[in-house]
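Structure data (mmCIF, C-alpha atoms, pLDDT in the B column; chains and numbers go by the auth columns) from protein_19.cif:
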```cif
data_data
#
loop_
_atom_site.group_PDB
_atom_site.id
_atom_site.type_symbol
_atom_site.label_atom_id
_atom_site.label_comp_id
_atom_site.label_asym_id
_atom_site.label_seq_id
_atom_site.Cartn_x
_atom_site.Cartn_y
_atom_site.Cartn_z
_atom_site.B_iso_or_equiv
_atom_site.auth_seq_id
_atom_site.auth_asym_id
ATOM 1 C CA MET A 1 56.827 -65.205 -74.205 67.00 169 V
ATOM 2 C CA PRO A 2 60.342 -63.888 -73.425 75.00 170 V
ATOM 3 C CA ASN A 3 60.982 -62.728 -69.880 93.00 171 V
ATOM 4 C CA ILE A 4 64.718 -62.080 -69.561 96.00 172 V
ATOM 5 C CA GLY A 5 65.156 -59.728 -72.516 97.00 173 V
ATOM 6 C CA PRO A 6 62.485 -57.233 -71.424 97.00 174 V
ATOM 7 C CA MET A 7 64.091 -57.107 -67.957 96.00 175 V
ATOM 8 C CA ILE A 8 67.465 -56.245 -69.475 97.00 176 V
ATOM 9 C CA ALA A 9 65.861 -53.825 -71.943 98.00 177 V
ATOM 10 C CA ALA A 10 64.295 -51.878 -69.059 97.00 178 V
ATOM 11 C CA SER A 11 67.794 -50.808 -67.963 96.00 179 V
ATOM 12 C CA ALA A 12 68.688 -49.893 -71.533 97.00 180 V
ATOM 13 C CA LYS A 13 65.598 -47.684 -71.832 98.00 181 V
ATOM 14 C CA LEU A 14 66.384 -45.916 -68.570 97.00 182 V
ATOM 15 C CA GLY A 15 70.003 -45.335 -69.606 97.00 183 V
ATOM 16 C CA LEU A 16 69.030 -44.069 -73.049 97.00 184 V
ATOM 17 C CA GLY A 17 66.573 -41.610 -71.527 97.00 185 V
ATOM 18 C CA TYR A 18 69.282 -40.342 -69.199 98.00 186 V
ATOM 19 C CA ALA A 19 71.725 -40.055 -72.099 98.00 187 V
ATOM 20 C CA GLU A 20 69.202 -37.889 -73.930 98.00 188 V
ATOM 21 C CA ARG A 21 68.652 -35.604 -70.919 97.00 189 V
ATOM 22 C CA LEU A 22 72.397 -35.165 -70.398 98.00 190 V
ATOM 23 C CA LEU A 23 72.748 -33.683 -73.906 97.00 191 V
ATOM 24 C CA LYS A 24 70.603 -30.680 -72.917 94.00 192 V
ATOM 25 C CA ASP A 25 72.237 -27.333 -73.687 94.00 193 V
ATOM 26 C CA ILE A 26 75.540 -28.794 -74.938 96.00 194 V
ATOM 27 C CA PRO A 27 76.738 -26.651 -77.830 95.00 195 V
ATOM 28 C CA ALA A 28 78.301 -28.534 -80.729 96.00 196 V
ATOM 29 C CA GLU A 29 81.577 -26.664 -80.277 95.00 197 V
ATOM 30 C CA LYS A 30 81.995 -28.120 -76.750 96.00 198 V
ATOM 31 C CA TYR A 31 80.926 -31.680 -77.614 98.00 199 V
ATOM 32 C CA ALA A 32 84.441 -32.987 -78.339 98.00 200 V
ATOM 33 C CA ARG A 33 86.263 -30.778 -75.861 98.00 201 V
ATOM 34 C CA PHE A 34 87.723 -31.446 -72.460 98.00 202 V
ATOM 35 C CA ALA A 35 85.956 -29.410 -69.799 96.00 203 V
ATOM 36 C CA LYS A 36 87.740 -26.532 -68.107 92.00 204 V
ATOM 37 C CA VAL A 37 87.533 -24.929 -64.691 90.00 205 V
ATOM 38 C CA GLN A 38 88.972 -21.442 -65.120 90.00 206 V
ATOM 39 C CA ASP A 39 92.362 -22.178 -66.732 91.00 207 V
ATOM 40 C CA THR A 40 92.547 -25.832 -65.691 93.00 208 V
ATOM 41 C CA VAL A 41 91.706 -28.402 -68.376 94.00 209 V
ATOM 42 C CA VAL A 42 90.168 -31.583 -66.964 95.00 210 V
ATOM 43 C CA GLU A 43 91.339 -34.517 -69.064 95.00 211 V
ATOM 44 C CA SER A 44 88.290 -36.724 -68.727 94.00 212 V
ATOM 45 C CA ASN A 45 86.095 -38.312 -71.368 97.00 213 V
ATOM 46 C CA HIS A 46 84.048 -35.701 -73.238 98.00 214 V
ATOM 47 C CA PRO A 47 80.562 -36.248 -74.724 98.00 215 V
ATOM 48 C CA ALA A 48 81.779 -37.169 -78.216 98.00 216 V
ATOM 49 C CA PHE A 49 83.945 -39.937 -76.835 98.00 217 V
ATOM 50 C CA ILE A 50 81.368 -41.177 -74.319 98.00 218 V
ATOM 51 C CA TYR A 51 78.490 -41.362 -76.795 98.00 219 V
ATOM 52 C CA GLY A 52 80.680 -42.693 -79.598 98.00 220 V
ATOM 53 C CA HIS A 53 82.159 -45.380 -77.360 98.00 221 V
ATOM 54 C CA LEU A 54 78.768 -46.515 -76.104 98.00 222 V
ATOM 55 C CA GLY A 55 77.473 -46.582 -79.676 96.00 223 V
ATOM 56 C CA LEU A 56 79.836 -49.469 -80.425 97.00 224 V
ATOM 57 C CA TYR A 57 78.049 -51.923 -78.154 96.00 225 V
ATOM 58 C CA ALA A 58 74.568 -51.969 -79.662 96.00 226 V
ATOM 59 C CA SER A 59 75.655 -53.892 -82.766 97.00 227 V
ATOM 60 C CA ARG A 60 77.386 -56.488 -80.567 95.00 228 V
ATOM 61 C CA ILE A 61 74.205 -56.982 -78.580 97.00 229 V
ATOM 62 C CA ILE A 62 72.106 -57.324 -81.725 98.00 230 V
ATOM 63 C CA ALA A 63 74.512 -59.810 -83.332 97.00 231 V
ATOM 64 C CA GLU A 64 74.944 -61.929 -80.194 95.00 232 V
ATOM 65 C CA LEU A 65 71.168 -62.239 -79.922 96.00 233 V
ATOM 66 C CA GLY A 66 71.180 -63.825 -83.371 95.00 234 V
ATOM 67 C CA CYS A 67 69.876 -60.824 -85.313 96.00 235 V
ATOM 68 C CA ASP A 68 71.313 -59.084 -88.348 97.00 236 V
ATOM 69 C CA ALA A 69 73.495 -56.248 -87.049 97.00 237 V
ATOM 70 C CA SER A 70 74.946 -55.182 -90.402 96.00 238 V
ATOM 71 C CA ALA A 71 72.931 -51.931 -90.489 96.00 239 V
ATOM 72 C CA TYR A 72 74.298 -51.009 -87.049 96.00 240 V
ATOM 73 C CA SER A 73 77.931 -52.065 -87.333 95.00 241 V
ATOM 74 C CA PRO A 74 80.412 -49.212 -87.037 95.00 242 V
ATOM 75 C CA SER A 75 83.079 -48.504 -89.617 95.00 243 V
ATOM 76 C CA ALA A 76 86.658 -49.516 -88.871 96.00 244 V
ATOM 77 C CA GLU A 77 87.572 -45.851 -88.303 96.00 245 V
ATOM 78 C CA TYR A 78 84.657 -45.342 -85.905 96.00 246 V
ATOM 79 C CA GLU A 79 85.669 -48.473 -84.010 96.00 247 V
ATOM 80 C CA LYS A 80 89.278 -47.279 -83.826 97.00 248 V
ATOM 81 C CA ILE A 81 88.598 -43.835 -82.343 98.00 249 V
ATOM 82 C CA PHE A 82 85.953 -45.036 -79.870 98.00 250 V
ATOM 83 C CA SER A 83 87.201 -48.500 -78.842 97.00 251 V
ATOM 84 C CA LYS A 84 87.878 -49.487 -75.249 94.00 252 V
ATOM 85 C CA ASP A 85 91.573 -49.094 -76.059 96.00 253 V
ATOM 86 C CA ALA A 86 91.258 -45.617 -77.594 97.00 254 V
ATOM 87 C CA VAL A 87 92.288 -42.560 -75.621 97.00 255 V
ATOM 88 C CA CYS A 88 89.898 -39.633 -75.493 98.00 256 V
ATOM 89 C CA VAL A 89 91.571 -36.470 -76.776 97.00 257 V
ATOM 90 C CA ASP A 90 90.557 -32.838 -76.879 98.00 258 V
ATOM 91 C CA ASP A 91 89.344 -31.900 -80.373 97.00 259 V
ATOM 92 C CA PRO A 92 89.282 -28.077 -80.570 96.00 260 V
ATOM 93 C CA ASP A 93 88.957 -27.909 -84.363 94.00 261 V
ATOM 94 C CA ASN A 94 86.523 -30.847 -84.732 93.00 262 V
ATOM 95 C CA SER A 95 88.905 -32.826 -86.913 95.00 263 V
ATOM 96 C CA ILE A 96 89.132 -36.076 -84.930 97.00 264 V
ATOM 97 C CA TYR A 97 85.598 -37.089 -83.957 98.00 265 V
ATOM 98 C CA PRO A 98 82.465 -37.222 -86.100 97.00 266 V
ATOM 99 C CA ALA A 99 79.935 -34.404 -85.761 97.00 267 V
ATOM 100 C CA MET A 100 77.723 -34.271 -82.667 98.00 268 V
ATOM 101 C CA ASP A 101 74.540 -35.085 -84.598 97.00 269 V
ATOM 102 C CA ASP A 102 76.184 -38.092 -86.278 97.00 270 V
ATOM 103 C CA VAL A 103 77.517 -39.566 -83.027 98.00 271 V
ATOM 104 C CA ASN A 104 74.213 -39.040 -81.226 98.00 272 V
ATOM 105 C CA HIS A 105 72.212 -40.477 -84.112 97.00 273 V
ATOM 106 C CA HIS A 106 74.450 -43.551 -84.143 97.00 274 V
ATOM 107 C CA LEU A 107 74.019 -44.121 -80.407 98.00 275 V
ATOM 108 C CA PHE A 108 70.260 -43.588 -80.196 98.00 276 V
ATOM 109 C CA THR A 109 69.337 -45.407 -83.422 97.00 277 V
ATOM 110 C CA ASN A 110 71.526 -48.383 -82.615 97.00 278 V
ATOM 111 C CA TYR A 111 70.404 -48.664 -79.001 97.00 279 V
ATOM 112 C CA GLN A 112 66.740 -48.547 -80.037 98.00 280 V
ATOM 113 C CA ALA A 113 67.474 -51.515 -82.317 98.00 281 V
ATOM 114 C CA ALA A 114 69.337 -53.288 -79.496 98.00 282 V
ATOM 115 C CA ILE A 115 66.391 -52.721 -77.152 98.00 283 V
ATOM 116 C CA ALA A 116 64.024 -54.237 -79.722 98.00 284 V
ATOM 117 C CA ALA A 117 66.344 -57.240 -80.122 98.00 285 V
ATOM 118 C CA LEU A 118 66.562 -57.685 -76.341 98.00 286 V
ATOM 119 C CA GLU A 119 62.787 -57.549 -75.951 97.00 287 V
ATOM 120 C CA GLN A 120 62.194 -60.130 -78.675 96.00 288 V
ATOM 121 C CA ALA A 121 64.938 -62.643 -77.885 97.00 289 V
ATOM 122 C CA GLU A 122 63.985 -65.985 -76.401 96.00 290 V
ATOM 123 C CA ASP A 123 65.152 -66.642 -72.850 97.00 291 V
ATOM 124 C CA ALA A 124 67.358 -69.546 -73.965 96.00 292 V
ATOM 125 C CA VAL A 125 69.605 -67.136 -75.906 97.00 293 V
ATOM 126 C CA PHE A 126 70.504 -65.262 -72.710 97.00 294 V
ATOM 127 C CA GLN A 127 71.537 -68.489 -71.013 97.00 295 V
ATOM 128 C CA GLN A 128 74.123 -69.340 -73.676 97.00 296 V
ATOM 129 C CA GLN A 129 77.818 -69.000 -72.953 97.00 297 V
ATOM 130 C CA ASN A 130 79.230 -65.515 -73.423 96.00 298 V
ATOM 131 C CA PRO A 131 81.085 -65.556 -76.786 94.00 299 V
ATOM 132 C CA ASN A 132 83.438 -62.807 -75.549 93.00 300 V
ATOM 133 C CA GLU A 133 86.272 -64.924 -74.145 94.00 301 V
ATOM 134 C CA ALA A 134 88.015 -61.956 -72.525 93.00 302 V
ATOM 135 C CA MET A 135 84.891 -61.134 -70.492 95.00 303 V
ATOM 136 C CA ARG A 136 83.581 -64.662 -69.934 96.00 304 V
ATOM 137 C CA GLU A 137 85.133 -65.057 -66.486 96.00 305 V
ATOM 138 C CA LYS A 138 83.232 -61.986 -65.267 97.00 306 V
ATOM 139 C CA PHE A 139 80.053 -62.546 -67.291 97.00 307 V
ATOM 140 C CA ALA A 140 79.515 -66.238 -68.033 98.00 308 V
ATOM 141 C CA THR A 141 76.373 -65.897 -70.147 97.00 309 V
ATOM 142 C CA ILE A 142 75.091 -63.677 -72.936 97.00 310 V
ATOM 143 C CA GLY A 143 72.435 -62.393 -70.537 97.00 311 V
ATOM 144 C CA ALA A 144 74.996 -61.408 -67.924 97.00 312 V
ATOM 145 C CA MET A 145 77.166 -59.695 -70.539 97.00 313 V
ATOM 146 C CA HIS A 146 74.319 -57.712 -72.081 97.00 314 V
ATOM 147 C CA GLY A 147 72.904 -56.822 -68.681 97.00 315 V
ATOM 148 C CA PHE A 148 76.285 -55.222 -67.985 97.00 316 V
ATOM 149 C CA TYR A 149 76.557 -53.529 -71.396 97.00 317 V
ATOM 150 C CA VAL A 150 73.195 -51.764 -71.116 97.00 318 V
ATOM 151 C CA GLY A 151 73.238 -51.352 -67.338 96.00 319 V
ATOM 152 C CA GLY A 152 76.496 -50.902 -65.467 96.00 320 V
ATOM 153 C CA HIS A 153 78.715 -50.044 -68.438 97.00 321 V
ATOM 154 C CA PHE A 154 76.259 -47.579 -69.919 98.00 322 V
ATOM 155 C CA MET A 155 75.486 -45.852 -66.635 97.00 323 V
ATOM 156 C CA MET A 156 79.166 -45.683 -65.638 97.00 324 V
ATOM 157 C CA HIS A 157 79.745 -43.591 -68.744 98.00 325 V
ATOM 158 C CA MET A 158 76.644 -41.514 -68.020 98.00 326 V
ATOM 159 C CA GLY A 159 78.278 -40.721 -64.660 97.00 327 V
ATOM 160 C CA GLN A 160 81.286 -39.427 -66.593 97.00 328 V
ATOM 161 C CA MET A 161 78.912 -37.387 -68.724 97.00 329 V
ATOM 162 C CA SER A 162 77.186 -35.926 -65.685 97.00 330 V
ATOM 163 C CA ALA A 163 80.548 -34.951 -64.170 97.00 331 V
ATOM 164 C CA TRP A 164 81.701 -33.437 -67.490 97.00 332 V
ATOM 165 C CA ARG A 165 78.555 -31.278 -67.585 96.00 333 V
ATOM 166 C CA ARG A 166 79.238 -29.909 -64.126 95.00 334 V
ATOM 167 C CA VAL A 167 82.896 -29.181 -64.823 95.00 335 V
ATOM 168 C CA ALA A 168 81.893 -27.518 -68.114 95.00 336 V
ATOM 169 C CA GLY A 169 79.527 -25.259 -66.161 93.00 337 V
ATOM 170 C CA LEU A 170 76.326 -26.740 -67.581 93.00 338 V
ATOM 171 C CA GLY A 171 75.003 -28.130 -64.289 89.00 339 V
ATOM 172 C CA PRO A 172 72.829 -31.196 -63.845 89.00 340 V
ATOM 173 C CA ALA A 173 70.389 -32.255 -66.551 87.00 341 V
#
```
Show the structure stored in the file as C-alpha cells.
Amino acid sequence: MPNIGPMIAASAKLGLGYAERLLKDIPAEKYARFAKVQDTVVESNHPAFIYGHLGLYASRIIAELGCDASAYSPSAEYEKIFSKDAVCVDDPDNSIYPAMDDVNHHLFTNYQAAIAALEQAEDAVFQQQNPNEAMREKFATIGAMHGFYVGGHFMMHMGQMSAWRRVAGLGPA
C-alpha cells in the first residue's frame, strides 16, 4: 500500500480547501483586476492569475506519476498567459484571462485528479529523480518536487490571494 503519495496529497487537499474558501464573495468583475486602496492600484497577482497559474501544475504531477494527463493538459494559450514567466496584468474588460468559472473549474478539477494520482502512486515513483532539470538541484526527487508543488508553491500563492482579498476590501475568508 502506498504511503508517500497520501502524505503529499494531504497538503494538496488542505490547499485546495483553502483555495475554495478564498473565493468567497469575489464578484466575477473583480476576479482579473488588481486590487485598489482608495485611488492606489496594487500591482500584485489577482485571483485569475493565481488560480490559472496554479492550474498548470496538476497535469505535470499526473504525468510525472506515470498517469495519462491528456485530459488535464492546458492549451498553449492557457500555458502562455499563466506560466511562471508570464506577468500578471489588470484586465478591466475581461479580454485577457478566461472567465472566472472556467479558471476555477480548471484548477479544482485538475487538482482533484492530481490528488487521486498522488494517493494511488507507488512509493518507488516518488523516489525517482526529478525530471525537471531546472528544479532538480532544489528538489532531487519526484516526491520532493510534488511535495513543493502542492504544498509550499500552492500555499505561497494562497498567501497572495489572501492579501489580495484584504486589499480589495473583502477581508479574510
Next on the checklist: Which residues, named as in the file, does the PyMOL selection byres ((chain V and resi 200) around 9) pick out? Answer as a ChimeraX atom specification.
Outcome noted: /V:196-199,201-202,213-217,257-260,262,264-265,267-268
Checklist entry - Can you tell me, as number ranges by chain, what residues are no more than 12 Å from Arg228 (chain V) when counting all atoms listed in the file, ignoring any on the same chain fewer than 3 positions away? => result V: 222-225, 231-242, 278-279, 281-282, 285-286, 298-300, 310, 313-314, 317-318
Atoms to include: C-alpha atoms. Write the selected residues as a PDB file, keeping the file's coordinate frame.
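As written to disk, again.pdb reads:
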```
ATOM      1  CA  LEU V 222      78.768 -46.515 -76.104  1.00 98.00           C
ATOM      2  CA  GLY V 223      77.473 -46.582 -79.676  1.00 96.00           C
ATOM      3  CA  LEU V 224      79.836 -49.469 -80.425  1.00 97.00           C
ATOM      4  CA  TYR V 225      78.049 -51.923 -78.154  1.00 96.00           C
ATOM      5  CA  ALA V 231      74.512 -59.810 -83.332  1.00 97.00           C
ATOM      6  CA  GLU V 232      74.944 -61.929 -80.194  1.00 95.00           C
ATOM      7  CA  LEU V 233      71.168 -62.239 -79.922  1.00 96.00           C
ATOM      8  CA  GLY V 234      71.180 -63.825 -83.371  1.00 95.00           C
ATOM      9  CA  CYS V 235      69.876 -60.824 -85.313  1.00 96.00           C
ATOM     10  CA  ASP V 236      71.313 -59.084 -88.348  1.00 97.00           C
ATOM     11  CA  ALA V 237      73.495 -56.248 -87.049  1.00 97.00           C
ATOM     12  CA  SER V 238      74.946 -55.182 -90.402  1.00 96.00           C
ATOM     13  CA  ALA V 239      72.931 -51.931 -90.489  1.00 96.00           C
ATOM     14  CA  TYR V 240      74.298 -51.009 -87.049  1.00 96.00           C
ATOM     15  CA  SER V 241      77.931 -52.065 -87.333  1.00 95.00           C
ATOM     16  CA  PRO V 242      80.412 -49.212 -87.037  1.00 95.00           C
ATOM     17  CA  ASN V 278      71.526 -48.383 -82.615  1.00 97.00           C
ATOM     18  CA  TYR V 279      70.404 -48.664 -79.001  1.00 97.00           C
ATOM     19  CA  ALA V 281      67.474 -51.515 -82.317  1.00 98.00           C
ATOM     20  CA  ALA V 282      69.337 -53.288 -79.496  1.00 98.00           C
ATOM     21  CA  ALA V 285      66.344 -57.240 -80.122  1.00 98.00           C
ATOM     22  CA  LEU V 286      66.562 -57.685 -76.341  1.00 98.00           C
ATOM     23  CA  ASN V 298      79.230 -65.515 -73.423  1.00 96.00           C
ATOM     24  CA  PRO V 299      81.085 -65.556 -76.786  1.00 94.00           C
ATOM     25  CA  ASN V 300      83.438 -62.807 -75.549  1.00 93.00           C
ATOM     26  CA  ILE V 310      75.091 -63.677 -72.936  1.00 97.00           C
ATOM     27  CA  MET V 313      77.166 -59.695 -70.539  1.00 97.00           C
ATOM     28  CA  HIS V 314      74.319 -57.712 -72.081  1.00 97.00           C
ATOM     29  CA  TYR V 317      76.557 -53.529 -71.396  1.00 97.00           C
ATOM     30  CA  VAL V 318      73.195 -51.764 -71.116  1.00 97.00           C
TER      31      VAL V 318
END
```
Next on the checklist: Quick one: residues within 7 Å of region 177-185 of chain V, all atoms listed in the file, excluding same-chain residues fewer than 5 positions away - as a PyMOL selection string?
Outcome noted: chain V and resi 283+286-287+318-319+322-323
Item to check | Shortest interatomic distance to Ala226 (chain V) - which of V:Ala289, V:Thr277, V:Asp207, V:Arg304, counting all atoms listed in the file | outcome: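 So, comparing all the options, the nearest one is V:Thr277.
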Checklist entry - Between V:Ile230, V:Ile194, V:Ala336, V:Val209, which has the minimum distance to Gln288 (chain V) (counting only C-alpha atoms)? => result V:Ile230
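Counting from CA of Ala254 (chain V), the distance to CA of Asn272 (chain V) is 18.6 Å.
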Checklist entry - Between V:Ala312, V:Gly173, V:Ser251, V:Ala203, which one has atoms that come closest to Trp332 (chain V), using all atoms listed in the file? => result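 The answer is V:Ala203, which sits nearest to Trp332 (chain V).
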Next on the checklist: Expand the PyMOL selection byres ((chain V and resi 246) around 9) into the explicit residue set it covers here, and present it as JSON, numbers by chain.
Outcome noted: {"V": [220, 221, 224, 242, 243, 244, 245, 247, 248, 249, 250, 251, 265, 266]}
Checklist entry - Which value, in Å to one decimal, gives the distance between CA of Met326 (chain V) and CA of Lys204 (chain V)? => result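 According to the coordinates, CA of Met326 (chain V) and CA of Lys204 (chain V) are separated by 18.6 Å.
Pairwise distance (CA of Leu275 (chain V), CA of Gly311 (chain V)) equals 20.8 Å.
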Checklist entry - Which one of V:Gly320, V:Gly315, V:Pro195, V:Pro170 sits closest to Leu338 (chain V) if you count only C-alpha atoms? => result V:Pro195
